[in-house]
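Enquirer: I am sharing data-v1.pdb, which consists of PDB, C-alpha atoms and all ligand atoms:
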MODEL        1
ATOM      1  CA  MET A   1       0.000   0.000   0.000
ATOM      2  CA  THR A   2       1.341   3.436  -0.901
ATOM      3  CA  LEU A   3       0.322   6.885   0.272
ATOM      4  CA  THR A   4      -1.195   7.449  -3.164
ATOM      5  CA  ASP A   5      -3.512   4.453  -2.754
ATOM      6  CA  LEU A   6      -4.602   5.589   0.680
ATOM      7  CA  ALA A   7      -5.004   9.219  -0.334
ATOM      8  CA  THR A   8      -7.180   8.243  -3.277
ATOM      9  CA  ARG A   9      -9.364   5.717  -1.511
ATOM     10  CA  LEU A  10      -9.898   7.790   1.629
ATOM     11  CA  GLU A  11     -10.087  11.107  -0.259
ATOM     12  CA  LEU A  12      -7.328  12.592   1.840
ATOM     13  CA  LYS A  13      -6.302  16.159   1.212
ATOM     14  CA  VAL A  14      -2.640  16.504   0.233
ATOM     15  CA  PHE A  15      -1.022  19.587   1.787
ATOM     16  CA  THR A  16       2.495  18.930   0.505
ATOM     17  CA  ALA A  17       1.793  18.852  -3.205
ATOM     18  CA  GLY A  18       5.470  18.807  -4.194
ATOM     19  CA  ILE A  19       6.344  15.632  -2.298
ATOM     20  CA  PRO A  20       5.884  12.271  -4.051
ATOM     21  CA  LEU A  21       3.329   9.936  -2.480
ATOM     22  CA  ASP A  22       4.830   6.724  -3.814
ATOM     23  CA  ARG A  23       6.221   5.791  -0.412
ATOM     24  CA  PRO A  24       5.041   2.483   0.969
ATOM     25  CA  VAL A  25       2.990   2.537   4.159
ATOM     26  CA  LEU A  26       3.821  -0.513   6.270
ATOM     27  CA  GLY A  27       1.699   0.276   9.306
ATOM     28  CA  GLY A  28       0.115   3.013  11.346
ATOM     29  CA  TYR A  29       0.313   4.843  14.647
ATOM     30  CA  ALA A  30      -2.223   7.242  16.154
ATOM     31  CA  SER A  31      -1.229   9.611  18.950
ATOM     32  CA  ASP A  32      -1.097  13.282  19.871
ATOM     33  CA  LEU A  33       1.770  12.856  22.340
ATOM     34  CA  LEU A  34       5.155  13.344  20.703
ATOM     35  CA  SER A  35       7.157  11.186  23.125
ATOM     36  CA  ASP A  36       4.646   8.399  22.615
ATOM     37  CA  VAL A  37       5.239   8.517  18.865
ATOM     38  CA  ILE A  38       9.015   8.785  19.373
ATOM     39  CA  GLY A  39       8.887   5.769  21.658
ATOM     40  CA  HIS A  40       6.417   3.525  19.868
ATOM     41  CA  ALA A  41       5.904   4.331  16.187
ATOM     42  CA  ARG A  42       7.875   2.274  13.668
ATOM     43  CA  LYS A  43       9.676   3.189  10.487
ATOM     44  CA  ASP A  44       7.282   3.552   7.513
ATOM     45  CA  ASP A  45       4.227   3.982   9.744
ATOM     46  CA  LEU A  46       1.553   6.467   8.773
ATOM     47  CA  TRP A  47       1.063   8.836  11.720
ATOM     48  CA  VAL A  48      -2.471   9.977  12.530
ATOM     49  CA  THR A  49      -2.614  13.070  14.753
ATOM     50  CA  MET A  50      -4.334  16.357  15.479
ATOM     51  CA  GLN A  51      -1.071  18.156  16.255
ATOM     52  CA  VAL A  52      -0.315  20.686  13.510
ATOM     53  CA  HIS A  53       2.731  22.558  14.821
ATOM     54  CA  PRO A  54       6.190  22.303  13.179
ATOM     55  CA  ASN A  55       7.631  19.851  15.724
ATOM     56  CA  ILE A  56       5.638  17.004  14.177
ATOM     57  CA  VAL A  57       7.957  17.184  11.159
ATOM     58  CA  ALA A  58      11.091  16.537  13.250
ATOM     59  CA  VAL A  59       9.364  13.556  14.856
ATOM     60  CA  ALA A  60       8.438  12.145  11.435
ATOM     61  CA  VAL A  61      11.996  12.636  10.151
ATOM     62  CA  LEU A  62      13.602  11.025  13.198
ATOM     63  CA  LYS A  63      11.279   8.030  13.086
ATOM     64  CA  GLU A  64      11.354   7.782   9.273
ATOM     65  CA  LEU A  65       7.568   7.746   9.153
ATOM     66  CA  ALA A  66       5.812   7.357   5.813
ATOM     67  CA  GLY A  67       3.757  10.488   6.367
ATOM     68  CA  ILE A  68       1.416  12.422   8.646
ATOM     69  CA  VAL A  69      -2.380  12.634   8.424
ATOM     70  CA  LEU A  70      -4.051  15.518  10.247
ATOM     71  CA  VAL A  71      -7.570  14.715  11.446
ATOM     72  CA  ASN A  72     -10.736  16.722  12.136
ATOM     73  CA  GLY A  73     -10.124  19.029   9.189
ATOM     74  CA  ARG A  74      -7.058  20.555  10.791
ATOM     75  CA  GLU A  75      -4.488  22.254   8.577
ATOM     76  CA  PRO A  76      -0.731  22.438   9.086
ATOM     77  CA  ALA A  77       0.599  25.684  10.540
ATOM     78  CA  PRO A  78       2.498  27.687   7.864
ATOM     79  CA  GLU A  79       5.861  26.842   9.419
ATOM     80  CA  THR A  80       4.885  23.162   9.578
ATOM     81  CA  PHE A  81       4.119  23.242   5.901
ATOM     82  CA  ALA A  82       7.455  24.912   5.073
ATOM     83  CA  GLN A  83       9.418  22.469   7.192
ATOM     84  CA  ALA A  84       7.581  19.457   5.764
ATOM     85  CA  GLU A  85       8.401  20.550   2.216
ATOM     86  CA  ARG A  86      12.031  21.084   3.183
ATOM     87  CA  GLU A  87      12.354  17.700   4.876
ATOM     88  CA  LYS A  88      10.193  15.910   2.303
ATOM     89  CA  VAL A  89       7.648  14.666   4.818
ATOM     90  CA  PRO A  90       4.218  14.148   3.211
ATOM     91  CA  VAL A  91       1.433  15.850   5.172
ATOM     92  CA  LEU A  92      -2.161  14.918   4.393
ATOM     93  CA  GLY A  93      -5.496  15.723   5.967
ATOM     94  CA  THR A  94      -9.028  14.501   6.457
ATOM     95  CA  ARG A  95     -12.301  15.784   7.843
ATOM     96  CA  LEU A  96     -12.673  12.488   9.696
ATOM     97  CA  GLY A  97     -11.775  12.148  13.361
ATOM     98  CA  THR A  98      -9.025   9.836  14.582
ATOM     99  CA  PHE A  99     -11.318   6.919  15.450
ATOM    100  CA  GLU A 100     -13.082   6.929  12.115
ATOM    101  CA  LEU A 101      -9.914   7.358  10.036
ATOM    102  CA  VAL A 102      -7.985   4.666  11.892
ATOM    103  CA  GLY A 103     -10.936   2.275  11.488
ATOM    104  CA  ARG A 104     -10.911   2.780   7.745
ATOM    105  CA  LEU A 105      -7.135   2.469   7.511
ATOM    106  CA  TYR A 106      -7.261  -0.753   9.493
ATOM    107  CA  ALA A 107      -9.948  -2.169   7.227
ATOM    108  CA  MET A 108      -7.634  -1.444   4.301
ATOM    109  CA  GLY A 109      -4.843  -3.436   5.899
ATOM    110  CA  VAL A 110      -2.847  -0.687   7.651
ATOM    111  CA  LYS A 111      -2.175  -2.129  11.096
ATOM    112  CA  GLY A 112      -0.398  -1.186  14.307
ATOM    113  CA  GLY A 113       2.679  -2.952  15.676
TER     114      GLY A 113
ATOM    115  CA  MET S   1      34.369   9.119  27.269
ATOM    116  CA  PRO S   2      36.093   8.133  24.049
ATOM    117  CA  THR S   3      38.918  10.597  23.403
ATOM    118  CA  ALA S   4      42.030   9.614  21.465
ATOM    119  CA  GLU S   5      40.210   6.731  19.844
ATOM    120  CA  SER S   6      37.159   8.785  18.870
ATOM    121  CA  VAL S   7      36.478   8.554  15.185
ATOM    122  CA  TYR S   8      34.106  11.474  15.432
ATOM    123  CA  ARG S   9      33.280  14.251  17.828
ATOM    124  CA  GLN S  10      30.980  17.249  17.633
ATOM    125  CA  GLU S  11      29.304  19.709  19.947
ATOM    126  CA  PHE S  12      25.887  21.331  19.501
ATOM    127  CA  PRO S  13      24.431  24.264  21.426
ATOM    128  CA  VAL S  14      20.774  24.072  22.508
ATOM    129  CA  LYS S  15      18.786  27.122  23.526
ATOM    130  CA  GLY S  16      16.119  26.871  26.202
ATOM    131  CA  GLY S  17      12.636  27.794  25.005
ATOM    132  CA  ASP S  18      13.547  27.580  21.337
ATOM    133  CA  PHE S  19      10.671  25.359  20.210
ATOM    134  CA  ALA S  20      11.040  26.484  16.598
ATOM    135  CA  LYS S  21      14.288  24.518  16.338
ATOM    136  CA  ALA S  22      13.132  21.601  18.462
ATOM    137  CA  GLY S  23      14.583  18.342  17.198
ATOM    138  CA  ALA S  24      17.201  19.986  14.973
ATOM    139  CA  VAL S  25      20.179  18.680  16.955
ATOM    140  CA  ALA S  26      18.728  15.163  17.125
ATOM    141  CA  CYS S  27      18.207  15.220  13.357
ATOM    142  CA  ARG S  28      21.842  16.342  12.856
ATOM    143  CA  ILE S  29      23.120  13.600  15.146
ATOM    144  CA  LYS S  30      21.044  11.040  13.310
ATOM    145  CA  GLU S  31      22.439  12.145   9.931
ATOM    146  CA  LEU S  32      26.009  12.076  11.231
ATOM    147  CA  LEU S  33      25.669   8.581  12.670
ATOM    148  CA  LYS S  34      24.098   7.369   9.446
ATOM    149  CA  ASP S  35      26.965   8.903   7.458
ATOM    150  CA  LEU S  36      29.451   7.157   9.747
ATOM    151  CA  GLY S  37      27.879   3.910   8.612
ATOM    152  CA  LEU S  38      26.485   2.783  11.942
ATOM    153  CA  ASP S  39      23.859   0.072  12.059
ATOM    154  CA  THR S  40      20.333   1.458  11.524
ATOM    155  CA  ALA S  41      19.048   0.080  14.839
ATOM    156  CA  ILE S  42      21.868   1.896  16.687
ATOM    157  CA  VAL S  43      21.159   5.102  14.771
ATOM    158  CA  ARG S  44      17.469   4.879  15.640
ATOM    159  CA  ARG S  45      18.151   4.387  19.349
ATOM    160  CA  ALA S  46      20.617   7.274  19.436
ATOM    161  CA  ALA S  47      18.160   9.530  17.590
ATOM    162  CA  ILE S  48      15.376   8.825  20.090
ATOM    163  CA  ALA S  49      17.628   9.428  23.089
ATOM    164  CA  ALA S  50      19.055  12.608  21.542
ATOM    165  CA  TYR S  51      15.583  13.935  20.714
ATOM    166  CA  GLU S  52      14.242  13.486  24.232
ATOM    167  CA  ALA S  53      17.377  14.973  25.789
ATOM    168  CA  GLU S  54      17.280  17.960  23.435
ATOM    169  CA  MET S  55      13.572  18.525  24.159
ATOM    170  CA  ASN S  56      14.189  18.540  27.900
ATOM    171  CA  VAL S  57      16.805  21.277  27.541
ATOM    172  CA  ILE S  58      14.416  23.287  25.356
ATOM    173  CA  MET S  59      11.467  22.756  27.694
ATOM    174  CA  TYR S  60      13.080  23.136  31.089
ATOM    175  CA  ALA S  61      16.528  24.746  30.933
ATOM    176  CA  ARG S  62      17.949  28.150  29.963
ATOM    177  CA  GLU S  63      20.613  26.744  27.747
ATOM    178  CA  GLY S  64      22.666  23.679  27.210
ATOM    179  CA  ARG S  65      24.926  21.800  24.915
ATOM    180  CA  MET S  66      25.043  18.322  23.511
ATOM    181  CA  ASP S  67      28.279  16.555  22.831
ATOM    182  CA  LEU S  68      28.459  13.623  20.458
ATOM    183  CA  ALA S  69      31.458  11.317  20.561
ATOM    184  CA  VAL S  70      31.666   8.172  18.504
ATOM    185  CA  SER S  71      34.313   5.514  18.887
ATOM    186  CA  ALA S  72      34.596   2.114  17.276
ATOM    187  CA  GLN S  73      32.598   0.556  20.113
ATOM    188  CA  GLU S  74      30.312   3.239  21.490
ATOM    189  CA  VAL S  75      28.195   6.283  20.798
ATOM    190  CA  HIS S  76      28.367   8.791  23.668
ATOM    191  CA  ILE S  77      25.916  11.644  23.960
ATOM    192  CA  THR S  78      26.588  14.011  26.841
ATOM    193  CA  VAL S  79      24.048  16.714  27.597
ATOM    194  CA  ASP S  80      24.799  19.585  29.949
ATOM    195  CA  ASP S  81      22.390  22.339  30.784
ATOM    196  CA  GLN S  82      22.116  25.415  32.945
ATOM    197  CA  GLY S  83      18.660  25.373  34.445
ATOM    198  CA  PRO S  84      16.556  24.465  37.446
ATOM    199  CA  GLY S  85      17.941  20.935  37.765
ATOM    200  CA  ILE S  86      15.826  17.984  38.892
ATOM    201  CA  ALA S  87      14.955  17.819  42.586
ATOM    202  CA  ASP S  88      13.878  14.168  42.614
ATOM    203  CA  VAL S  89      15.539  12.210  39.835
ATOM    204  CA  GLU S  90      13.770   8.957  40.673
ATOM    205  CA  LEU S  91      10.391  10.661  40.418
ATOM    206  CA  ALA S  92      11.403  12.352  37.150
ATOM    207  CA  MET S  93      12.312   8.940  35.746
ATOM    208  CA  THR S  94       8.805   7.622  36.458
ATOM    209  CA  GLU S  95       6.797   7.126  33.299
ATOM    210  CA  GLY S  96       4.008   9.709  33.196
ATOM    211  CA  PHE S  97       5.602  12.216  35.599
ATOM    212  CA  SER S  98       5.892  15.651  34.034
ATOM    213  CA  THR S  99       6.081  19.273  35.116
ATOM    214  CA  ALA S 100       5.353  20.506  31.566
ATOM    215  CA  THR S 101       3.103  23.559  31.382
ATOM    216  CA  PRO S 102      -0.459  23.330  30.001
ATOM    217  CA  GLU S 103       0.777  25.163  26.880
ATOM    218  CA  MET S 104       3.447  22.522  26.286
ATOM    219  CA  ARG S 105       0.968  19.696  26.868
ATOM    220  CA  GLU S 106      -1.401  21.145  24.339
ATOM    221  CA  LEU S 107       1.368  20.766  21.767
ATOM    222  CA  GLY S 108       1.812  17.119  22.682
ATOM    223  CA  PHE S 109       4.853  17.557  24.925
ATOM    224  CA  GLY S 110       4.888  16.521  28.561
ATOM    225  CA  ALA S 111       3.903  12.870  28.242
ATOM    226  CA  GLY S 112       6.436  12.135  30.964
ATOM    227  CA  MET S 113       8.035   9.547  28.718
ATOM    228  CA  GLY S 114      11.208  11.369  27.735
ATOM    229  CA  LEU S 115      13.628  10.146  30.395
ATOM    230  CA  PRO S 116      12.166   6.600  30.273
ATOM    231  CA  ASN S 117      12.566   6.664  26.480
ATOM    232  CA  ILE S 118      16.214   7.669  26.895
ATOM    233  CA  LYS S 119      16.872   4.937  29.449
ATOM    234  CA  ARG S 120      15.189   2.285  27.317
ATOM    235  CA  ASN S 121      17.342   3.185  24.312
ATOM    236  CA  SER S 122      20.675   3.464  26.139
ATOM    237  CA  ASP S 123      23.054   0.769  27.264
ATOM    238  CA  VAL S 124      24.328   3.064  29.991
ATOM    239  CA  PHE S 125      22.454   6.110  31.255
ATOM    240  CA  TYR S 126      23.482   8.495  34.040
ATOM    241  CA  ILE S 127      21.748  11.609  35.318
ATOM    242  CA  ASP S 128      23.540  14.026  37.535
ATOM    243  CA  SER S 129      21.551  17.060  38.570
ATOM    244  CA  ARG S 130      22.029  19.933  40.989
ATOM    245  CA  THR S 131      18.935  21.890  41.932
ATOM    246  CA  GLY S 132      19.282  25.499  40.894
ATOM    247  CA  HIS S 133      22.295  24.801  38.694
ATOM    248  CA  GLY S 134      21.610  22.297  35.971
ATOM    249  CA  THR S 135      21.527  18.764  34.734
ATOM    250  CA  ARG S 136      24.010  16.475  33.052
ATOM    251  CA  LEU S 137      22.986  13.360  31.160
ATOM    252  CA  LYS S 138      25.335  10.752  29.889
ATOM    253  CA  ILE S 139      24.013   8.352  27.302
ATOM    254  CA  ILE S 140      26.089   5.452  25.999
ATOM    255  CA  ILE S 141      24.971   3.154  23.221
ATOM    256  CA  ARG S 142      27.234   0.237  22.334
ATOM    257  CA  THR S 143      27.718  -0.394  18.669
ATOM    258  CA  ASN S 144      28.680  -4.043  19.168
ATOM    259  CA  GLY S 145      32.233  -3.369  18.157
ATOM    260  CA  HIS S 146      31.160  -2.012  14.796
ATOM    261  CA  GLY S 147      34.269  -1.284  12.751
ATOM    262  CA  THR S 148      36.487  -3.637  14.744
ATOM    263  CA  THR S 149      37.197  -7.324  14.381
TER     264      THR S 149
HETATM  265  N1  LIG T 201      17.027  19.049  31.741
HETATM  266  C1  LIG T 201      16.082  19.149  32.682
HETATM  267  N2  LIG T 201      16.087  20.193  33.551
HETATM  268  C2  LIG T 201      15.134  20.292  34.515
HETATM  269  N3  LIG T 201      14.136  19.399  34.699
HETATM  270  C3  LIG T 201      14.083  18.352  33.862
HETATM  271  C4  LIG T 201      15.039  18.158  32.817
HETATM  272  N4  LIG T 201      14.747  17.024  32.168
HETATM  273  C5  LIG T 201      13.657  16.517  32.772
HETATM  274  N5  LIG T 201      13.248  17.299  33.790
HETATM  275  C6  LIG T 201      12.114  17.049  34.714
HETATM  276  O1  LIG T 201      11.767  15.663  34.635
HETATM  277  C7  LIG T 201      10.399  15.532  34.210
HETATM  278  C8  LIG T 201      10.232  14.293  33.356
HETATM  279  O2  LIG T 201      10.959  14.442  32.130
HETATM  280  P1  LIG T 201      10.554  13.557  30.866
HETATM  281  O3  LIG T 201      10.558  12.118  31.257
HETATM  282  O4  LIG T 201      11.418  13.950  29.738
HETATM  283  O5  LIG T 201       9.048  13.938  30.578
HETATM  284  P2  LIG T 201       8.409  15.317  30.027
HETATM  285  O6  LIG T 201       9.500  16.092  29.355
HETATM  286  O7  LIG T 201       7.371  14.855  29.089
HETATM  287  O8  LIG T 201       7.873  16.018  31.221
HETATM  288  C9  LIG T 201      10.100  16.826  33.514
HETATM  289  O9  LIG T 201       8.717  17.121  33.495
HETATM  290  C10 LIG T 201      10.899  17.833  34.349
HETATM  291  O10 LIG T 201      10.214  18.134  35.546
HETATM  292 MG    MG T 202      10.928  15.258  28.160
ENDMDL
END
Can you give me the file's structure in the form of structure tokens?
Ligand SMILES: Nc1ncnc2c1ncn2[C@@H]1O[C@H](COP(=O)(O)OP(=O)(O)O)[C@@H](O)[C@H]1O
Ligand SMILES: [Mg+2]
Expert:
Amino acid sequence: MTLTDLATRLELKVFTAGIPLDRPVLGGYASDLLSDVIGHARKDDLWVTMQVHPNIVAVAVLKELAGIVLVNGREPAPETFAQAEREKVPVLGTRLGTFELVGRLYAMGVKGG
Amino acid sequence: MPTAESVYRQEFPVKGGDFAKAGAVACRIKELLKDLGLDTAIVRRAAIAAYEAEMNVIMYAREGRMDLAVSAQEVHITVDDQGPGIADVELAMTEGFSTATPEMRELGFGAGMGLPNIKRNSDVFYIDSRTGHGTRLKIIIRTNGHGTT
């Protein structure tokens, strides 16, 4: 499964238009606590969160996450967007809440560790 | 501390309260270790420990510095800060304990998992703190003799 597949099937909004979405997604992690993600997410996970500030990009880079999906219609802060483009971290969005999005991802085969 | 036998050594300043640059030093350390050809699992552990240590300086201290030293056998990350120090280190090490402000928590900091994350990812971990002065962390990750026979 790639980000493109997921973005198409779940009608995710792509904030970082310049970053390719051909990256494979091997799993998922949902959390709004940064140390929790740092401690428990795995490489190539898709990260589901409502945090939109720039520090989420550093977390995604350090953990080599496949990308970030912002829930509840939230949009990345301008500096988050700039940093994501610089570091080539795909940032997507959905109007769905965390529970609903994770349920759909799971049904498509994106699982936790 | 690896000295004469260090294959690599670098120091990074960290400014307290500078959330805009949060994680920058950890990202640099990760890149450097990758470039040195260290095993990916070692790089990942060092990156996690460095991130949490850097965040604690940014969140709680006035200023600090991080010192990376890599030898054939070990990665050392030493973190020194000038700040309030930690009154009860054992309590601070407890998962879930945090004195982060409500503003920090709203941004997803203050899970109280930073020091436990560092300990879990280190082979050797020391904290030395003096209340009113500052905190020193020493993180050692063994590279399983990478680069030696
Ligand atoms: N460098 C430091 N200077 C002063 N206090 C610190 C420092 N690092 C950690 N602490 C204290 O230890 C607590 C636990 O730290 P940590 O496990 O990283 O969790 P968190 O940062 O989420 O609070 C902090 O809330 C703080 O009170
Ligand atoms: Mg912390």
Enquirer: Around ligand MG 202 (chain T), out to 12 Å and counting only C-alpha atoms and all ligand atoms, which residues are there? I want them as a short mmCIF file (atom, residue, chain, number, x, y, z; two decimals) with C-alpha atoms, in the coordinates of the input.
Expert:
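So the final result, stored in selection-v9.cif, reads:
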data_model
loop_
_atom_site.label_atom_id
_atom_site.label_comp_id
_atom_site.auth_asym_id
_atom_site.auth_seq_id
_atom_site.Cartn_x
_atom_site.Cartn_y
_atom_site.Cartn_z
CA LEU A 33 1.77 12.86 22.34
CA LEU A 34 5.16 13.34 20.70
CA SER A 35 7.16 11.19 23.12
CA ASP A 36 4.65 8.40 22.62
CA ILE A 38 9.02 8.78 19.37
CA GLY A 39 8.89 5.77 21.66
CA ALA S 22 13.13 21.60 18.46
CA GLY S 23 14.58 18.34 17.20
CA ILE S 48 15.38 8.82 20.09
CA ALA S 49 17.63 9.43 23.09
CA ALA S 50 19.06 12.61 21.54
CA TYR S 51 15.58 13.94 20.71
CA GLU S 52 14.24 13.49 24.23
CA ALA S 53 17.38 14.97 25.79
CA GLU S 54 17.28 17.96 23.44
CA MET S 55 13.57 18.52 24.16
CA ASN S 56 14.19 18.54 27.90
CA VAL S 57 16.80 21.28 27.54
CA ILE S 58 14.42 23.29 25.36
CA MET S 59 11.47 22.76 27.69
CA TYR S 60 13.08 23.14 31.09
CA ALA S 61 16.53 24.75 30.93
CA ALA S 92 11.40 12.35 37.15
CA MET S 93 12.31 8.94 35.75
CA THR S 94 8.80 7.62 36.46
CA GLU S 95 6.80 7.13 33.30
CA GLY S 96 4.01 9.71 33.20
CA PHE S 97 5.60 12.22 35.60
CA SER S 98 5.89 15.65 34.03
CA THR S 99 6.08 19.27 35.12
CA ALA S 100 5.35 20.51 31.57
CA THR S 101 3.10 23.56 31.38
CA MET S 104 3.45 22.52 26.29
CA ARG S 105 0.97 19.70 26.87
CA GLY S 108 1.81 17.12 22.68
CA PHE S 109 4.85 17.56 24.92
CA GLY S 110 4.89 16.52 28.56
CA ALA S 111 3.90 12.87 28.24
CA GLY S 112 6.44 12.14 30.96
CA MET S 113 8.04 9.55 28.72
CA GLY S 114 11.21 11.37 27.74
CA LEU S 115 13.63 10.15 30.40
CA PRO S 116 12.17 6.60 30.27
CA ASN S 117 12.57 6.66 26.48
CA ILE S 118 16.21 7.67 26.90
CA LYS S 119 16.87 4.94 29.45
#
Enquirer: Let me have the centre and edge lengths of the axis-aligned box enclosing all listed atoms of region 111-125 of chain S with 8 Å padding on every side, in Å to one decimal, as lines of an AutoDock Vina configuration file.
Expert:
center_x = 14.1
center_y = 6.8
center_z = 27.8
size_x = 36.4
size_y = 28.1
size_z = 22.9
Enquirer: Taking into account all atoms listed in the file, which residue in the set S:Thr135, S:Ser71, S:Gln10, S:Asn121 is nearest to ligand LIG 201 (chain T)?
Expert: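 Counting all atoms listed in the file, the residue closest to ligand LIG 201 (chain T) is S:Thr135.
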Enquirer: Quick one, how far is CA of Phe12 (chain S) from CA of Lys138 (chain S)?
Expert: 14.8 Å
Enquirer: When you look at region 67-82 of chain A with a cut-off of 9 Å (counting all atoms listed in the file), what residues show up, excluding the ones that are within fewer than 5 positions of it in the same chain? I need them as a PDB file with C-alpha atoms, in the frame of the given file.
Expert:
ATOM      1  CA  LEU A   3       0.322   6.885   0.272  1.00  0.00           C
ATOM      2  CA  LEU A  12      -7.328  12.592   1.840  1.00  0.00           C
ATOM      3  CA  LYS A  13      -6.302  16.159   1.212  1.00  0.00           C
ATOM      4  CA  PHE A  15      -1.022  19.587   1.787  1.00  0.00           C
ATOM      5  CA  THR A  16       2.495  18.930   0.505  1.00  0.00           C
ATOM      6  CA  LEU A  21       3.329   9.936  -2.480  1.00  0.00           C
ATOM      7  CA  ARG A  23       6.221   5.791  -0.412  1.00  0.00           C
ATOM      8  CA  VAL A  25       2.990   2.537   4.159  1.00  0.00           C
ATOM      9  CA  ASP A  44       7.282   3.552   7.513  1.00  0.00           C
ATOM     10  CA  ASP A  45       4.227   3.982   9.744  1.00  0.00           C
ATOM     11  CA  LEU A  46       1.553   6.467   8.773  1.00  0.00           C
ATOM     12  CA  TRP A  47       1.063   8.836  11.720  1.00  0.00           C
ATOM     13  CA  VAL A  48      -2.471   9.977  12.530  1.00  0.00           C
ATOM     14  CA  THR A  49      -2.614  13.070  14.753  1.00  0.00           C
ATOM     15  CA  MET A  50      -4.334  16.357  15.479  1.00  0.00           C
ATOM     16  CA  GLN A  51      -1.071  18.156  16.255  1.00  0.00           C
ATOM     17  CA  VAL A  52      -0.315  20.686  13.510  1.00  0.00           C
ATOM     18  CA  HIS A  53       2.731  22.558  14.821  1.00  0.00           C
ATOM     19  CA  PRO A  54       6.190  22.303  13.179  1.00  0.00           C
ATOM     20  CA  ASN A  55       7.631  19.851  15.724  1.00  0.00           C
ATOM     21  CA  ILE A  56       5.638  17.004  14.177  1.00  0.00           C
ATOM     22  CA  VAL A  57       7.957  17.184  11.159  1.00  0.00           C
ATOM     23  CA  ALA A  60       8.438  12.145  11.435  1.00  0.00           C
ATOM     24  CA  GLU A  87      12.354  17.700   4.876  1.00  0.00           C
ATOM     25  CA  VAL A  89       7.648  14.666   4.818  1.00  0.00           C
ATOM     26  CA  PRO A  90       4.218  14.148   3.211  1.00  0.00           C
ATOM     27  CA  VAL A  91       1.433  15.850   5.172  1.00  0.00           C
ATOM     28  CA  LEU A  92      -2.161  14.918   4.393  1.00  0.00           C
ATOM     29  CA  GLY A  93      -5.496  15.723   5.967  1.00  0.00           C
ATOM     30  CA  THR A  94      -9.028  14.501   6.457  1.00  0.00           C
ATOM     31  CA  ARG A  95     -12.301  15.784   7.843  1.00  0.00           C
ATOM     32  CA  LEU A  96     -12.673  12.488   9.696  1.00  0.00           C
ATOM     33  CA  GLY A  97     -11.775  12.148  13.361  1.00  0.00           C
ATOM     34  CA  THR A  98      -9.025   9.836  14.582  1.00  0.00           C
ATOM     35  CA  LEU A 101      -9.914   7.358  10.036  1.00  0.00           C
TER      36      LEU A 101
ATOM     37  CA  ALA S  20      11.040  26.484  16.598  1.00  0.00           C
TER      38      ALA S  20
END
Enquirer: Just the number, please: distance in Å from CA of Arg62 (chain S) to CA of Gln82 (chain S), one decimal.
Expert: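 Computing it gives 5.8 Å between the two atoms.
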Enquirer: Could region 87-96 of chain A be completed with N, CA, C and O atoms and returned as a JSON list (two decimals), in the coordinates of the input?
Expert:
[["chain", "number", "residue", "atom", "x", "y", "z"],
["A", 87, "GLU", "N", 11.89, 19.02, 4.42],
["A", 87, "GLU", "CA", 12.35, 17.70, 4.88],
["A", 87, "GLU", "C", 11.70, 16.56, 4.10],
["A", 87, "GLU", "O", 11.93, 15.39, 4.40],
["A", 88, "LYS", "N", 10.86, 16.92, 3.14],
["A", 88, "LYS", "CA", 10.19, 15.91, 2.30],
["A", 88, "LYS", "C", 9.33, 14.93, 3.11],
["A", 88, "LYS", "O", 9.36, 13.71, 2.89],
["A", 89, "VAL", "N", 8.59, 15.48, 4.05],
["A", 89, "VAL", "CA", 7.65, 14.67, 4.82],
["A", 89, "VAL", "C", 6.23, 14.94, 4.29],
["A", 89, "VAL", "O", 5.75, 16.06, 4.37],
["A", 90, "PRO", "N", 5.57, 13.93, 3.72],
["A", 90, "PRO", "CA", 4.22, 14.15, 3.21],
["A", 90, "PRO", "C", 3.24, 14.45, 4.35],
["A", 90, "PRO", "O", 3.23, 13.75, 5.36],
["A", 91, "VAL", "N", 2.46, 15.52, 4.19],
["A", 91, "VAL", "CA", 1.43, 15.85, 5.17],
["A", 91, "VAL", "C", 0.08, 15.85, 4.47],
["A", 91, "VAL", "O", -0.10, 16.55, 3.46],
["A", 92, "LEU", "N", -0.83, 15.04, 4.98],
["A", 92, "LEU", "CA", -2.16, 14.92, 4.39],
["A", 92, "LEU", "C", -3.19, 15.29, 5.44],
["A", 92, "LEU", "O", -2.85, 15.51, 6.61],
["A", 93, "GLY", "N", -4.46, 15.35, 5.01],
["A", 93, "GLY", "CA", -5.50, 15.72, 5.97],
["A", 93, "GLY", "C", -6.82, 15.07, 5.63],
["A", 93, "GLY", "O", -7.04, 14.60, 4.51],
["A", 94, "THR", "N", -7.69, 15.05, 6.66],
["A", 94, "THR", "CA", -9.03, 14.50, 6.46],
["A", 94, "THR", "C", -10.02, 15.22, 7.37],
["A", 94, "THR", "O", -9.62, 15.76, 8.40],
["A", 95, "ARG", "N", -11.29, 15.21, 6.98],
["A", 95, "ARG", "CA", -12.30, 15.78, 7.84],
["A", 95, "ARG", "C", -12.68, 14.79, 8.95],
["A", 95, "ARG", "O", -13.30, 15.16, 9.94],
["A", 96, "LEU", "N", -12.34, 13.53, 8.72],
["A", 96, "LEU", "CA", -12.67, 12.49, 9.70],
["A", 96, "LEU", "C", -11.92, 12.70, 11.01],
["A", 96, "LEU", "O", -10.85, 13.30, 11.03]]
